[in-house]
Amino acid sequence: MASSHTVTLIEGDGIGPEVVGATRTIIEATGVKITWEMCEAGAEVFKKGLSTGVPQETIDAIIRNKVALKGPLETPVGFGEKSANVTLRKLFDTYGNIRPIQEMPGVPTPYTGRNIDLVIVRENVEDLYAGIEHMQTPGTAQCLKLISRKGCEKITRLAFEFARAEGRKAVQCATKANIMKLTEGLMKRTFEEVAKDYPDIHSSHIIVDNCAHQMVKQPEQFDVIVTTNMNGDILSDLGSALIGGLGFAPGANMGDNFAIFEAVHGSAPKYAGQNTINPTAVLLSGVMMLRHLQEFEAADHIEQALFRTLAVDKILTRDAGGTASTRQFTDAIVRNLGKEFPGYQKRAYKPLKLPNVSNAPDFVKPRTRSVCGIDVFIESSSSPTDLGTSLETAIAGTSFTLKGISCRGVKVYPASPLAPDPTDLFRCRFMGNSSDVGDAQISALLDRLKPHHRWTHLEKLHIFDGVPAFSKDHGED
Ligand code: NAD
């Protein structure tokens, strides 16, 4: 393709300018026409007093150009609370984080010769990483794991579309649905539904802990793995260690309208400015960017030149056991551009078709809904039995009955012979006597509790389409 592109380029912190500089040199040497719009983000911006670490000019440039290549950004301690990386991902709603893990020819690892070639598609904006945390009591912290049907549909469709774009054959969904049946289970169920629209791709589910085990034992069995945010974070770092380390792990943050390409690694400040680090991870992120820009030939040329440099010329940076400087490594790749790498397996790349998932807020509409009760979280230093007795007395004559009390998900009232070690936070489950509990009844219940107990949090117990939409405690009937 001969058209020209404008790309926002963020050099980043620490080793960022070196790895991004090397990548730019190599991409330009392919002859692809790119105008780079240099923008700032990260440590220097925090130091100037901007608490997001991302200036408005950078945001405007990405809005204009829609594509960015960025180096790693440091989150300096003492300036701004949020990571500028996370801010960028969230601002541009790049909900899909695509992380390829591919054996690098010529880079010795315990897996050499086994042809690892898998891709992790990680949900990038929700789950525990939404960062919604509270201390419910002075002694108990809570982090909300919010998983949406829409989020699951977008990421699973993206995984299947990505598989099609790369000519891949299988997508596996890795979840902890066996334990977290509603949150991780929603991902599994959505995946299984979405899979029906992709009969050309083999689909299956794997429990995430087994996935980690299998990735170490037999990583060559995997093709595309789609997973929730935290699972994906852990699996992808595990994956980078299989192929020689963070210096070889690229990534792409994909959204409906924007794409931000960056390595998995950070700013490695102790190596900054030493001309020793490995630019491959950012270079391969640049290769992903070129494919996104439909510059397939240039992308293939860079990959082949990189493989030749590593495996034929045996020029390696220090992290891969070699002695080449960043500059020598970069120059070698440039020299190798246009040369073929023996045995290079060219994929039948096609443009990635981004999924078109409805943005309507009532994306999921139940036919029927009701509230059958309420969970009230209460801070208490009483024994579970004393708390239970006190609650029974307090609610006498209301339209609720106390079903039970649990602590950290285990039933503690009515008491069982194996009394678990209680903490300061109890979940007290009240079931309504009517078929649909109203807010006025809930307020009246709280009014009864308030004089005796400190409540910290409420959850309505919904029934959607006749199915209870809440979990039971361990030990609850
Ligand atoms: P890091 O990834 O920067 O470095 C960890 C180690 O990995 C390094 O000490 C080095 O041994 C190795 N390494 C990383 N990249 C390498 C490369 N290109 N070549 C050779 N070796 C490489 O992780 P860290 O030290 O935990 O984090 C440093 C800073 O980076 C922190 O401020 C952190 O917040 C930030 N960070 C940013 C991003 C991002 O921008 N996406 C990601 C992770 C960490």
# chains A, B, ... in the order shown; residues from 1 in each chain; ligands from 1

call {"tool": "residues_near_ligand", "arguments": {"ligand": "ligand 1", "cutoff": "10 Å", "atoms": "only C-alpha atoms and all ligand atoms", "output": "short mmCIF file (atom, residue, chain, number, x, y, z; two decimals) with all heavy atoms, in the first residue's frame"}}
result
data_model
loop_
_atom_site.label_atom_id
_atom_site.label_comp_id
_atom_site.auth_asym_id
_atom_site.auth_seq_id
_atom_site.Cartn_x
_atom_site.Cartn_y
_atom_site.Cartn_z
N GLY A 12 8.31 8.04 25.45
CA GLY A 12 8.21 7.43 26.77
C GLY A 12 9.43 7.68 27.63
O GLY A 12 10.32 8.47 27.28
N ASP A 13 9.51 6.97 28.74
CA ASP A 13 10.52 7.22 29.77
C ASP A 13 11.59 6.12 29.77
O ASP A 13 11.42 5.08 29.15
CB ASP A 13 9.85 7.24 31.14
CG ASP A 13 8.75 8.29 31.21
OD1 ASP A 13 8.98 9.41 30.71
OD2 ASP A 13 7.67 7.99 31.75
N GLY A 14 12.65 6.37 30.54
CA GLY A 14 13.70 5.36 30.72
C GLY A 14 14.29 4.90 29.40
O GLY A 14 14.82 5.72 28.63
N ILE A 15 14.14 3.62 29.09
CA ILE A 15 14.69 3.08 27.83
C ILE A 15 13.80 3.44 26.63
O ILE A 15 14.15 3.12 25.50
CB ILE A 15 14.85 1.54 27.90
CG1 ILE A 15 13.49 0.84 28.16
CG2 ILE A 15 15.87 1.14 28.96
CD1 ILE A 15 13.52 -0.67 28.02
N GLY A 16 12.66 4.10 26.89
CA GLY A 16 11.69 4.41 25.84
C GLY A 16 12.31 5.06 24.60
O GLY A 16 12.14 4.55 23.48
N GLU A 18 15.22 5.03 23.40
CA GLU A 18 16.10 4.13 22.64
C GLU A 18 15.31 3.09 21.85
O GLU A 18 15.58 2.84 20.67
CB GLU A 18 17.07 3.40 23.58
CG GLU A 18 18.12 4.32 24.18
CD GLU A 18 18.80 3.66 25.37
OE1 GLU A 18 19.68 2.82 25.15
OE2 GLU A 18 18.44 3.97 26.52
N VAL A 19 14.30 2.46 22.52
CA VAL A 19 13.56 1.39 21.83
C VAL A 19 12.64 1.98 20.75
O VAL A 19 12.49 1.42 19.66
CB VAL A 19 12.76 0.49 22.81
CG1 VAL A 19 13.67 -0.48 23.50
CG2 VAL A 19 11.96 1.27 23.82
N GLY A 42 3.91 10.85 30.46
CA GLY A 42 4.74 10.13 31.43
C GLY A 42 5.46 11.02 32.42
O GLY A 42 4.98 12.09 32.80
N ALA A 43 6.66 10.56 32.82
CA ALA A 43 7.36 11.14 33.99
C ALA A 43 7.53 12.65 33.91
O ALA A 43 7.22 13.37 34.87
CB ALA A 43 8.71 10.46 34.13
N LYS A 70 3.78 3.85 21.22
CA LYS A 70 4.31 4.49 22.42
C LYS A 70 5.37 3.63 23.10
O LYS A 70 5.30 2.40 23.10
CB LYS A 70 3.20 4.87 23.40
CG LYS A 70 2.50 3.73 24.09
CD LYS A 70 1.53 4.26 25.14
CE LYS A 70 2.19 4.46 26.49
NZ LYS A 70 2.58 3.23 27.19
N GLY A 71 6.33 4.33 23.68
CA GLY A 71 7.31 3.68 24.54
C GLY A 71 6.72 3.54 25.93
O GLY A 71 5.63 4.06 26.21
N PRO A 72 7.43 2.86 26.83
CA PRO A 72 6.92 2.66 28.19
C PRO A 72 6.87 3.97 28.97
O PRO A 72 7.72 4.84 28.78
CB PRO A 72 7.94 1.71 28.80
CG PRO A 72 9.18 1.89 28.00
CD PRO A 72 8.76 2.24 26.62
N LEU A 73 5.88 4.09 29.83
CA LEU A 73 5.74 5.28 30.67
C LEU A 73 5.91 4.89 32.12
O LEU A 73 5.27 3.94 32.59
CB LEU A 73 4.37 5.93 30.46
CG LEU A 73 3.99 6.29 29.03
CD1 LEU A 73 2.60 6.92 28.99
CD2 LEU A 73 5.02 7.25 28.43
N GLU A 74 6.75 5.66 32.81
CA GLU A 74 6.97 5.41 34.23
C GLU A 74 5.88 6.12 35.03
O GLU A 74 5.39 7.16 34.61
CB GLU A 74 8.34 6.00 34.56
CG GLU A 74 8.83 5.81 35.94
CD GLU A 74 10.09 6.65 36.16
OE1 GLU A 74 10.86 6.90 35.22
OE2 GLU A 74 10.27 7.07 37.33
N THR A 75 5.49 5.53 36.15
CA THR A 75 4.59 6.24 37.05
C THR A 75 5.42 6.66 38.26
O THR A 75 5.62 5.87 39.17
CB THR A 75 3.42 5.34 37.51
OG1 THR A 75 2.85 4.75 36.35
CG2 THR A 75 2.36 6.13 38.24
N PRO A 76 5.96 7.90 38.25
CA PRO A 76 6.87 8.26 39.34
C PRO A 76 6.13 8.33 40.67
O PRO A 76 5.00 8.82 40.73
CB PRO A 76 7.39 9.64 38.95
CG PRO A 76 6.75 10.00 37.68
CD PRO A 76 5.68 9.01 37.36
N VAL A 77 6.77 7.82 41.71
CA VAL A 77 6.15 7.85 43.04
C VAL A 77 6.17 9.30 43.53
O VAL A 77 7.17 9.99 43.41
CB VAL A 77 6.95 6.94 44.00
CG1 VAL A 77 6.34 6.95 45.39
CG2 VAL A 77 6.99 5.52 43.44
N LYS A 82 -2.42 8.03 39.31
CA LYS A 82 -2.79 7.02 38.32
C LYS A 82 -1.68 6.84 37.30
O LYS A 82 -0.96 7.79 36.97
CB LYS A 82 -4.08 7.45 37.59
CG LYS A 82 -5.29 7.54 38.52
CD LYS A 82 -5.97 6.20 38.71
CE LYS A 82 -7.17 6.35 39.62
NZ LYS A 82 -7.69 5.11 40.13
N SER A 83 -1.59 5.62 36.76
CA SER A 83 -0.61 5.35 35.72
C SER A 83 -1.06 6.03 34.42
O SER A 83 -2.23 5.93 34.03
CB SER A 83 -0.52 3.83 35.54
OG SER A 83 -0.33 3.50 34.21
N ALA A 84 -0.12 6.71 33.76
CA ALA A 84 -0.46 7.38 32.49
C ALA A 84 -0.82 6.32 31.43
O ALA A 84 -1.62 6.58 30.53
CB ALA A 84 0.71 8.23 32.01
N ASN A 85 -0.25 5.12 31.56
CA ASN A 85 -0.58 4.04 30.61
C ASN A 85 -2.05 3.67 30.72
O ASN A 85 -2.75 3.54 29.72
CB ASN A 85 0.24 2.78 30.94
CG ASN A 85 1.71 3.04 30.78
OD1 ASN A 85 2.15 3.44 29.71
ND2 ASN A 85 2.46 2.85 31.84
N VAL A 86 -2.49 3.48 31.97
CA VAL A 86 -3.88 3.07 32.18
C VAL A 86 -4.81 4.21 31.76
O VAL A 86 -5.85 3.98 31.14
CB VAL A 86 -4.10 2.66 33.67
CG1 VAL A 86 -5.55 2.30 33.92
CG2 VAL A 86 -3.19 1.48 34.02
N ARG A 89 -5.24 3.99 28.05
CA ARG A 89 -6.09 2.85 27.65
C ARG A 89 -7.56 3.16 27.92
O ARG A 89 -8.44 2.83 27.13
CB ARG A 89 -5.72 1.60 28.46
CG ARG A 89 -4.45 0.97 27.99
CD ARG A 89 -4.07 -0.19 28.90
NE ARG A 89 -2.62 -0.35 28.87
CZ ARG A 89 -1.93 -1.02 29.78
NH1 ARG A 89 -2.53 -1.58 30.80
NH2 ARG A 89 -0.63 -1.13 29.68
N GLY A 244 11.87 -15.88 25.90
CA GLY A 244 13.13 -15.16 26.05
C GLY A 244 13.02 -13.88 26.85
O GLY A 244 14.00 -13.16 27.01
N GLY A 245 11.83 -13.55 27.32
CA GLY A 245 11.72 -12.41 28.24
C GLY A 245 11.00 -11.22 27.66
O GLY A 245 10.56 -11.20 26.51
N LEU A 246 10.90 -10.19 28.52
CA LEU A 246 10.09 -9.01 28.17
C LEU A 246 10.63 -8.26 26.95
O LEU A 246 9.88 -7.57 26.27
CB LEU A 246 10.05 -8.07 29.38
CG LEU A 246 9.12 -8.50 30.52
CD1 LEU A 246 9.38 -7.67 31.78
CD2 LEU A 246 7.67 -8.37 30.09
N GLY A 247 11.89 -8.42 26.65
CA GLY A 247 12.47 -7.74 25.48
C GLY A 247 11.86 -8.21 24.17
O GLY A 247 12.06 -7.59 23.13
N PHE A 248 11.07 -9.31 24.22
CA PHE A 248 10.50 -9.88 22.98
C PHE A 248 8.97 -9.87 22.95
O PHE A 248 8.39 -10.53 22.10
CB PHE A 248 11.00 -11.32 22.80
CG PHE A 248 12.48 -11.41 22.56
CD1 PHE A 248 13.34 -11.77 23.58
CD2 PHE A 248 13.01 -11.11 21.31
CE1 PHE A 248 14.71 -11.84 23.37
CE2 PHE A 248 14.38 -11.18 21.09
CZ PHE A 248 15.24 -11.54 22.12
N ALA A 249 8.34 -9.19 23.91
CA ALA A 249 6.87 -9.30 24.03
C ALA A 249 6.17 -8.00 23.59
O ALA A 249 6.14 -7.02 24.33
CB ALA A 249 6.50 -9.65 25.46
N GLY A 251 2.75 -5.68 22.03
CA GLY A 251 1.32 -5.60 22.35
C GLY A 251 0.61 -4.51 21.57
O GLY A 251 1.23 -3.58 21.04
N PHE A 261 -0.16 1.07 20.16
CA PHE A 261 0.75 -0.07 20.11
C PHE A 261 1.90 0.17 21.09
O PHE A 261 2.51 1.25 21.07
CB PHE A 261 1.27 -0.24 18.67
CG PHE A 261 0.14 -0.56 17.73
CD1 PHE A 261 -0.63 0.45 17.16
CD2 PHE A 261 -0.21 -1.89 17.46
CE1 PHE A 261 -1.70 0.16 16.32
CE2 PHE A 261 -1.28 -2.18 16.63
CZ PHE A 261 -2.03 -1.16 16.06
N GLU A 262 2.18 -0.83 21.91
CA GLU A 262 3.25 -0.68 22.91
C GLU A 262 3.74 -2.06 23.35
O GLU A 262 3.00 -3.04 23.29
CB GLU A 262 2.76 0.09 24.13
CG GLU A 262 1.63 -0.60 24.87
CD GLU A 262 1.24 0.08 26.18
OE1 GLU A 262 2.05 0.82 26.74
OE2 GLU A 262 0.11 -0.17 26.63
N ALA A 263 5.00 -2.09 23.83
CA ALA A 263 5.55 -3.35 24.36
C ALA A 263 4.88 -3.68 25.69
O ALA A 263 4.28 -2.81 26.32
CB ALA A 263 7.05 -3.19 24.55
N VAL A 264 5.03 -4.94 26.10
CA VAL A 264 4.52 -5.33 27.42
C VAL A 264 5.41 -4.73 28.52
O VAL A 264 4.94 -4.37 29.58
CB VAL A 264 4.48 -6.88 27.53
CG1 VAL A 264 4.15 -7.34 28.93
CG2 VAL A 264 3.47 -7.46 26.53
N HIS A 265 6.71 -4.56 28.21
CA HIS A 265 7.65 -4.15 29.28
C HIS A 265 7.50 -2.69 29.68
O HIS A 265 6.84 -1.90 29.01
CB HIS A 265 9.10 -4.47 28.87
CG HIS A 265 9.63 -3.67 27.72
ND1 HIS A 265 9.88 -2.32 27.79
CD2 HIS A 265 9.97 -4.04 26.46
CE1 HIS A 265 10.37 -1.90 26.63
NE2 HIS A 265 10.41 -2.92 25.80
N GLY A 266 8.19 -2.35 30.79
CA GLY A 266 8.17 -0.98 31.28
C GLY A 266 9.43 -0.22 30.90
O GLY A 266 10.13 -0.61 29.96
N SER A 267 9.73 0.83 31.67
CA SER A 267 10.77 1.79 31.27
C SER A 267 12.17 1.36 31.72
O SER A 267 13.14 2.07 31.43
CB SER A 267 10.44 3.16 31.83
OG SER A 267 10.36 3.08 33.25
N ALA A 268 12.29 0.22 32.42
CA ALA A 268 13.58 -0.33 32.87
C ALA A 268 14.60 0.77 33.15
O ALA A 268 15.66 0.82 32.51
CB ALA A 268 14.11 -1.33 31.83
N PRO A 269 14.33 1.65 34.12
CA PRO A 269 15.14 2.87 34.27
C PRO A 269 16.64 2.61 34.46
O PRO A 269 17.46 3.41 34.00
CB PRO A 269 14.53 3.56 35.50
CG PRO A 269 13.60 2.59 36.13
CD PRO A 269 13.23 1.58 35.10
N LYS A 270 16.98 1.45 35.07
CA LYS A 270 18.43 1.28 35.32
C LYS A 270 19.23 1.05 34.04
O LYS A 270 20.44 1.16 34.04
CB LYS A 270 18.68 0.21 36.39
CG LYS A 270 18.37 -1.20 36.00
CD LYS A 270 18.68 -2.15 37.16
CE LYS A 270 18.18 -3.54 36.80
NZ LYS A 270 18.16 -4.49 37.83
N TYR A 271 18.55 0.74 32.94
CA TYR A 271 19.27 0.54 31.67
C TYR A 271 19.16 1.75 30.74
O TYR A 271 19.69 1.72 29.62
CB TYR A 271 18.74 -0.70 30.95
CG TYR A 271 18.95 -1.97 31.74
CD1 TYR A 271 17.90 -2.65 32.34
CD2 TYR A 271 20.24 -2.47 31.92
CE1 TYR A 271 18.11 -3.80 33.09
CE2 TYR A 271 20.47 -3.63 32.66
CZ TYR A 271 19.41 -4.28 33.24
OH TYR A 271 19.62 -5.42 33.98
N ALA A 272 18.50 2.80 31.19
CA ALA A 272 18.25 3.95 30.31
C ALA A 272 19.56 4.58 29.84
O ALA A 272 20.49 4.77 30.63
CB ALA A 272 17.40 4.99 31.05
N THR A 276 22.14 -0.60 25.50
CA THR A 276 22.30 -2.06 25.66
C THR A 276 20.98 -2.82 25.54
O THR A 276 21.00 -4.05 25.38
CB THR A 276 22.87 -2.41 27.06
OG1 THR A 276 22.02 -1.84 28.04
CG2 THR A 276 24.29 -1.93 27.23
N ILE A 277 19.86 -2.13 25.66
CA ILE A 277 18.60 -2.87 25.77
C ILE A 277 18.09 -3.36 24.40
O ILE A 277 18.58 -2.97 23.36
CB ILE A 277 17.48 -2.05 26.47
CG1 ILE A 277 17.45 -0.63 25.98
CG2 ILE A 277 17.61 -2.11 27.96
CD1 ILE A 277 16.89 -0.42 24.70
N ASN A 278 17.09 -4.22 24.50
CA ASN A 278 16.57 -4.92 23.32
C ASN A 278 15.34 -4.17 22.79
O ASN A 278 14.33 -4.08 23.48
CB ASN A 278 16.18 -6.34 23.77
CG ASN A 278 15.69 -7.20 22.65
OD1 ASN A 278 15.54 -6.75 21.52
ND2 ASN A 278 15.42 -8.45 22.96
N PRO A 279 15.39 -3.67 21.56
CA PRO A 279 14.23 -2.93 21.04
C PRO A 279 13.17 -3.82 20.39
O PRO A 279 12.18 -3.32 19.86
CB PRO A 279 14.86 -2.02 19.99
CG PRO A 279 16.03 -2.80 19.48
CD PRO A 279 16.52 -3.67 20.61
N THR A 280 13.34 -5.16 20.45
CA THR A 280 12.45 -6.06 19.68
C THR A 280 10.98 -5.92 20.06
O THR A 280 10.10 -5.93 19.19
CB THR A 280 12.89 -7.53 19.84
OG1 THR A 280 14.25 -7.63 19.44
CG2 THR A 280 12.05 -8.47 19.00
N ALA A 281 10.69 -5.81 21.36
CA ALA A 281 9.28 -5.78 21.78
C ALA A 281 8.55 -4.57 21.17
O ALA A 281 7.42 -4.70 20.68
CB ALA A 281 9.19 -5.75 23.30
N VAL A 282 9.20 -3.41 21.18
CA VAL A 282 8.55 -2.24 20.57
C VAL A 282 8.55 -2.37 19.04
O VAL A 282 7.58 -2.03 18.38
CB VAL A 282 9.21 -0.92 21.03
CG1 VAL A 282 8.67 0.27 20.24
CG2 VAL A 282 8.95 -0.69 22.52
N LEU A 283 9.65 -2.95 18.50
CA LEU A 283 9.69 -3.14 17.05
C LEU A 283 8.54 -4.04 16.59
O LEU A 283 7.84 -3.73 15.61
CB LEU A 283 11.03 -3.77 16.64
CG LEU A 283 11.19 -4.07 15.16
CD1 LEU A 283 11.13 -2.79 14.32
CD2 LEU A 283 12.49 -4.82 14.87
N THR A 317 21.14 -8.93 21.62
CA THR A 317 21.42 -7.99 22.72
C THR A 317 21.69 -8.78 24.00
O THR A 317 21.48 -10.00 24.05
CB THR A 317 20.25 -7.01 22.90
OG1 THR A 317 19.03 -7.75 22.88
CG2 THR A 317 20.24 -5.93 21.84
N ARG A 318 22.10 -8.03 25.03
CA ARG A 318 22.60 -8.69 26.24
C ARG A 318 21.54 -9.57 26.92
O ARG A 318 21.85 -10.64 27.43
CB ARG A 318 23.10 -7.62 27.21
CG ARG A 318 24.22 -8.11 28.09
CD ARG A 318 24.95 -6.99 28.76
NE ARG A 318 24.04 -6.11 29.50
CZ ARG A 318 24.41 -4.97 30.06
NH1 ARG A 318 25.65 -4.56 29.95
NH2 ARG A 318 23.55 -4.23 30.72
N ASP A 319 20.27 -9.10 26.95
CA ASP A 319 19.21 -9.86 27.62
C ASP A 319 19.01 -11.23 26.99
O ASP A 319 18.51 -12.15 27.64
CB ASP A 319 17.89 -9.08 27.58
CG ASP A 319 17.48 -8.73 26.17
OD1 ASP A 319 18.31 -8.16 25.44
OD2 ASP A 319 16.35 -9.05 25.78
N ALA A 320 19.41 -11.38 25.69
CA ALA A 320 19.22 -12.66 24.99
C ALA A 320 20.54 -13.44 24.94
O ALA A 320 20.68 -14.39 24.17
CB ALA A 320 18.70 -12.41 23.58
N THR A 326 22.29 -1.77 21.37
CA THR A 326 20.99 -1.49 20.74
C THR A 326 21.21 -0.99 19.31
O THR A 326 20.50 -1.39 18.37
CB THR A 326 20.23 -0.43 21.57
OG1 THR A 326 20.24 -0.83 22.93
CG2 THR A 326 18.81 -0.25 21.10
#

call {"tool": "residues_around", "arguments": {"residues": "stretch 401-409 of chain A", "least_positions_apart": "6", "cutoff": "10 Å", "atoms": "only C-alpha atoms", "output": "ChimeraX atom specification"}}
result
/A:140,373-378,384-385,387-389,391-392,395,415,420-433,471-477

call {"tool": "closest_residue", "arguments": {"among": "A:Glu11, A:Phe258, A:Thr23, A:Pro100", "to": "A:Asp237", "atoms": "only C-alpha atoms"}}
result
A:Pro100

call {"tool": "residues_around", "arguments": {"residues": "stretch 145-157 of chain A", "least_positions_apart": "3", "cutoff": "7 Å", "atoms": "only C-alpha atoms", "output": "ChimeraX atom specification"}}
result
/A:96,123,126-128,160-161,183,186-187,190-191,194,226,355,357

call {"tool": "closest_residue", "arguments": {"among": "A:Tyr95, A:Gln56, A:His457, A:Asp223", "to": "A:Asn257", "atoms": "only C-alpha atoms"}}
result
A:Tyr95

call {"tool": "atom_distance", "arguments": {"atom1": "atom CA of A:Gln102", "atom2": "atom CA of A:Ala311"}}
result
14.3 Å

call {"tool": "residues_around", "arguments": {"residues": "A:Gly322", "least_positions_apart": "5", "cutoff": "10 Å", "atoms": "only C-alpha atoms", "output": "PyMOL selection string"}}
result
chain A and resi 107+310+314-317

call {"tool": "select_by_dssp", "arguments": {"residues": "stretch 244-381 of chain A", "states": "strand (DSSP E or B)", "output": "list in words"}}
result
Ala252, Asn253, Met254, Ala259, Ile260, Phe261, Thr317, Ala324, Arg369, Ser370, Val371, Cys372, Gly373, Ile374, Asp375, Val376, Phe377, Ile378 and Glu379 of chain A

call {"tool": "write_last_selection", "arguments": {"atoms": "C-alpha atoms", "output": "compact mmCIF listing (two decimals), in the first residue's frame"}}
result
# COMPACT_ATOMS: atom_id res chain seq x y z
CA ALA A 252 -1.56 -3.67 20.84
CA ASN A 253 -4.37 -1.87 22.64
CA MET A 254 -7.39 -1.96 20.33
CA ALA A 259 -5.27 1.71 18.44
CA ILE A 260 -2.24 2.21 20.68
CA PHE A 261 0.75 -0.07 20.11
CA THR A 317 21.42 -7.99 22.72
CA ALA A 324 25.37 -6.35 20.55
CA ARG A 369 -37.22 -8.74 37.05
CA SER A 370 -37.87 -8.58 40.78
CA VAL A 371 -36.03 -8.14 44.08
CA CYS A 372 -36.44 -11.02 46.53
CA GLY A 373 -34.31 -9.74 49.36
CA ILE A 374 -31.26 -7.78 50.40
CA ASP A 375 -27.72 -8.42 51.63
CA VAL A 376 -26.66 -5.94 54.30
CA PHE A 377 -22.97 -5.87 55.16
CA ILE A 378 -22.49 -5.03 58.84
CA GLU A 379 -19.33 -4.11 60.73

call {"tool": "select_by_dssp", "arguments": {"residues": "stretch 370-473 of chain A", "states": "helix (DSSP H, G or I)", "output": "list in words"}}
result
Pro384, Thr385, Asp386, Leu387, Gly388, Thr389, Ser390, Leu391, Glu392, Thr393, Ala394, Asp439, Ala440, Gln441, Ile442, Ser443, Ala444, Leu445, Leu446, Asp447, Arg448 and Leu449 of chain A

call {"tool": "write_last_selection", "arguments": {"atoms": "N, CA, C and O atoms", "output": "compact mmCIF listing (two decimals), in the first residue's frame"}}
result
# COMPACT_ATOMS: atom_id res chain seq x y z
N PRO A 384 -20.82 -14.22 65.86
CA PRO A 384 -21.90 -14.40 64.87
C PRO A 384 -23.23 -14.73 65.52
O PRO A 384 -24.28 -14.24 65.10
N THR A 385 -23.22 -15.53 66.58
CA THR A 385 -24.48 -15.92 67.21
C THR A 385 -25.13 -14.71 67.88
O THR A 385 -26.35 -14.48 67.74
N ASP A 386 -24.32 -13.89 68.58
CA ASP A 386 -24.89 -12.68 69.22
C ASP A 386 -25.43 -11.73 68.15
O ASP A 386 -26.50 -11.14 68.31
N LEU A 387 -24.66 -11.60 67.05
CA LEU A 387 -25.12 -10.70 65.98
C LEU A 387 -26.44 -11.21 65.41
O LEU A 387 -27.40 -10.44 65.23
N GLY A 388 -26.50 -12.51 65.14
CA GLY A 388 -27.72 -13.10 64.56
C GLY A 388 -28.92 -12.89 65.47
O GLY A 388 -30.00 -12.48 65.02
N THR A 389 -28.74 -13.16 66.75
CA THR A 389 -29.85 -13.02 67.70
C THR A 389 -30.31 -11.56 67.75
O THR A 389 -31.52 -11.27 67.74
N SER A 390 -29.35 -10.65 67.77
CA SER A 390 -29.69 -9.22 67.83
C SER A 390 -30.45 -8.77 66.57
O SER A 390 -31.42 -8.02 66.65
N LEU A 391 -30.00 -9.29 65.40
CA LEU A 391 -30.69 -8.91 64.15
C LEU A 391 -32.11 -9.47 64.13
O LEU A 391 -33.05 -8.79 63.71
N GLU A 392 -32.28 -10.72 64.57
CA GLU A 392 -33.62 -11.33 64.59
C GLU A 392 -34.56 -10.47 65.44
O GLU A 392 -35.71 -10.20 65.05
N THR A 393 -34.06 -10.00 66.58
CA THR A 393 -34.89 -9.17 67.46
C THR A 393 -35.22 -7.84 66.78
O THR A 393 -36.37 -7.39 66.78
N ALA A 394 -34.18 -7.23 66.15
CA ALA A 394 -34.37 -5.90 65.56
C ALA A 394 -35.39 -5.91 64.43
O ALA A 394 -36.12 -4.93 64.24
N ASP A 439 -38.13 -0.28 47.54
CA ASP A 439 -37.13 0.52 48.25
C ASP A 439 -37.64 0.99 49.62
O ASP A 439 -36.86 1.11 50.56
N ALA A 440 -38.96 1.22 49.73
CA ALA A 440 -39.51 1.69 51.01
C ALA A 440 -39.33 0.60 52.08
O ALA A 440 -38.98 0.90 53.23
N GLN A 441 -39.52 -0.67 51.67
CA GLN A 441 -39.33 -1.77 52.64
C GLN A 441 -37.86 -1.86 53.06
O GLN A 441 -37.55 -2.12 54.22
N ILE A 442 -36.98 -1.63 52.09
CA ILE A 442 -35.54 -1.70 52.40
C ILE A 442 -35.16 -0.58 53.38
O ILE A 442 -34.45 -0.80 54.37
N SER A 443 -35.69 0.63 53.14
CA SER A 443 -35.40 1.76 54.05
C SER A 443 -35.92 1.44 55.44
O SER A 443 -35.23 1.71 56.44
N ALA A 444 -37.12 0.85 55.51
CA ALA A 444 -37.70 0.53 56.81
C ALA A 444 -36.84 -0.50 57.54
O ALA A 444 -36.62 -0.41 58.76
N LEU A 445 -36.31 -1.46 56.78
CA LEU A 445 -35.44 -2.48 57.40
C LEU A 445 -34.18 -1.81 57.96
O LEU A 445 -33.77 -2.07 59.11
N LEU A 446 -33.57 -0.93 57.16
CA LEU A 446 -32.35 -0.26 57.62
C LEU A 446 -32.63 0.58 58.86
O LEU A 446 -31.81 0.64 59.78
N ASP A 447 -33.82 1.23 58.89
CA ASP A 447 -34.18 2.03 60.08
C ASP A 447 -34.20 1.17 61.33
O ASP A 447 -33.85 1.62 62.40
N ARG A 448 -34.64 -0.09 61.18
CA ARG A 448 -34.67 -1.00 62.32
C ARG A 448 -33.23 -1.39 62.76
O ARG A 448 -32.98 -1.62 63.93
N LEU A 449 -32.35 -1.50 61.77
CA LEU A 449 -30.99 -1.98 62.09
C LEU A 449 -30.09 -0.88 62.66
O LEU A 449 -29.25 -1.12 63.53

call {"tool": "atom_distance", "arguments": {"atom1": "atom CA of A:Ala130", "atom2": "atom CA of A:Lys365"}}
result
23.7 Å

call {"tool": "residues_around", "arguments": {"residues": "A:Ala212", "least_positions_apart": "3", "cutoff": "8 Å", "atoms": "only C-alpha atoms", "output": "list in words"}}
result
Val208, Asp209, Met215, Val216, Leu235 and Leu238 of chain A

call {"tool": "closest_residue", "arguments": {"among": "A:Asn359, A:Ala163, A:Asn210, A:Pro105", "to": "A:Pro342", "atoms": "only C-alpha atoms"}}
result
A:Pro105

call {"tool": "atom_distance", "arguments": {"atom1": "atom CA of A:Arg347", "atom2": "atom CA of A:Ile201"}}
result
15.9 Å

call {"tool": "closest_residue", "arguments": {"among": "A:Val312, A:Ile225, A:Ala298, A:Leu242", "to": "A:Pro110", "atoms": "only C-alpha atoms"}}
result
A:Leu242

call {"tool": "closest_residue", "arguments": {"among": "A:Asn124, A:Gln345, A:Thr30, A:Gln142", "to": "A:Gly167", "atoms": "only C-alpha atoms"}}
result
A:Gln345

call {"tool": "closest_residue", "arguments": {"among": "A:Ser358, A:Pro17, A:Pro451, A:Glu40", "to": "A:Glu57", "atoms": "only C-alpha atoms"}}
result
A:Glu40
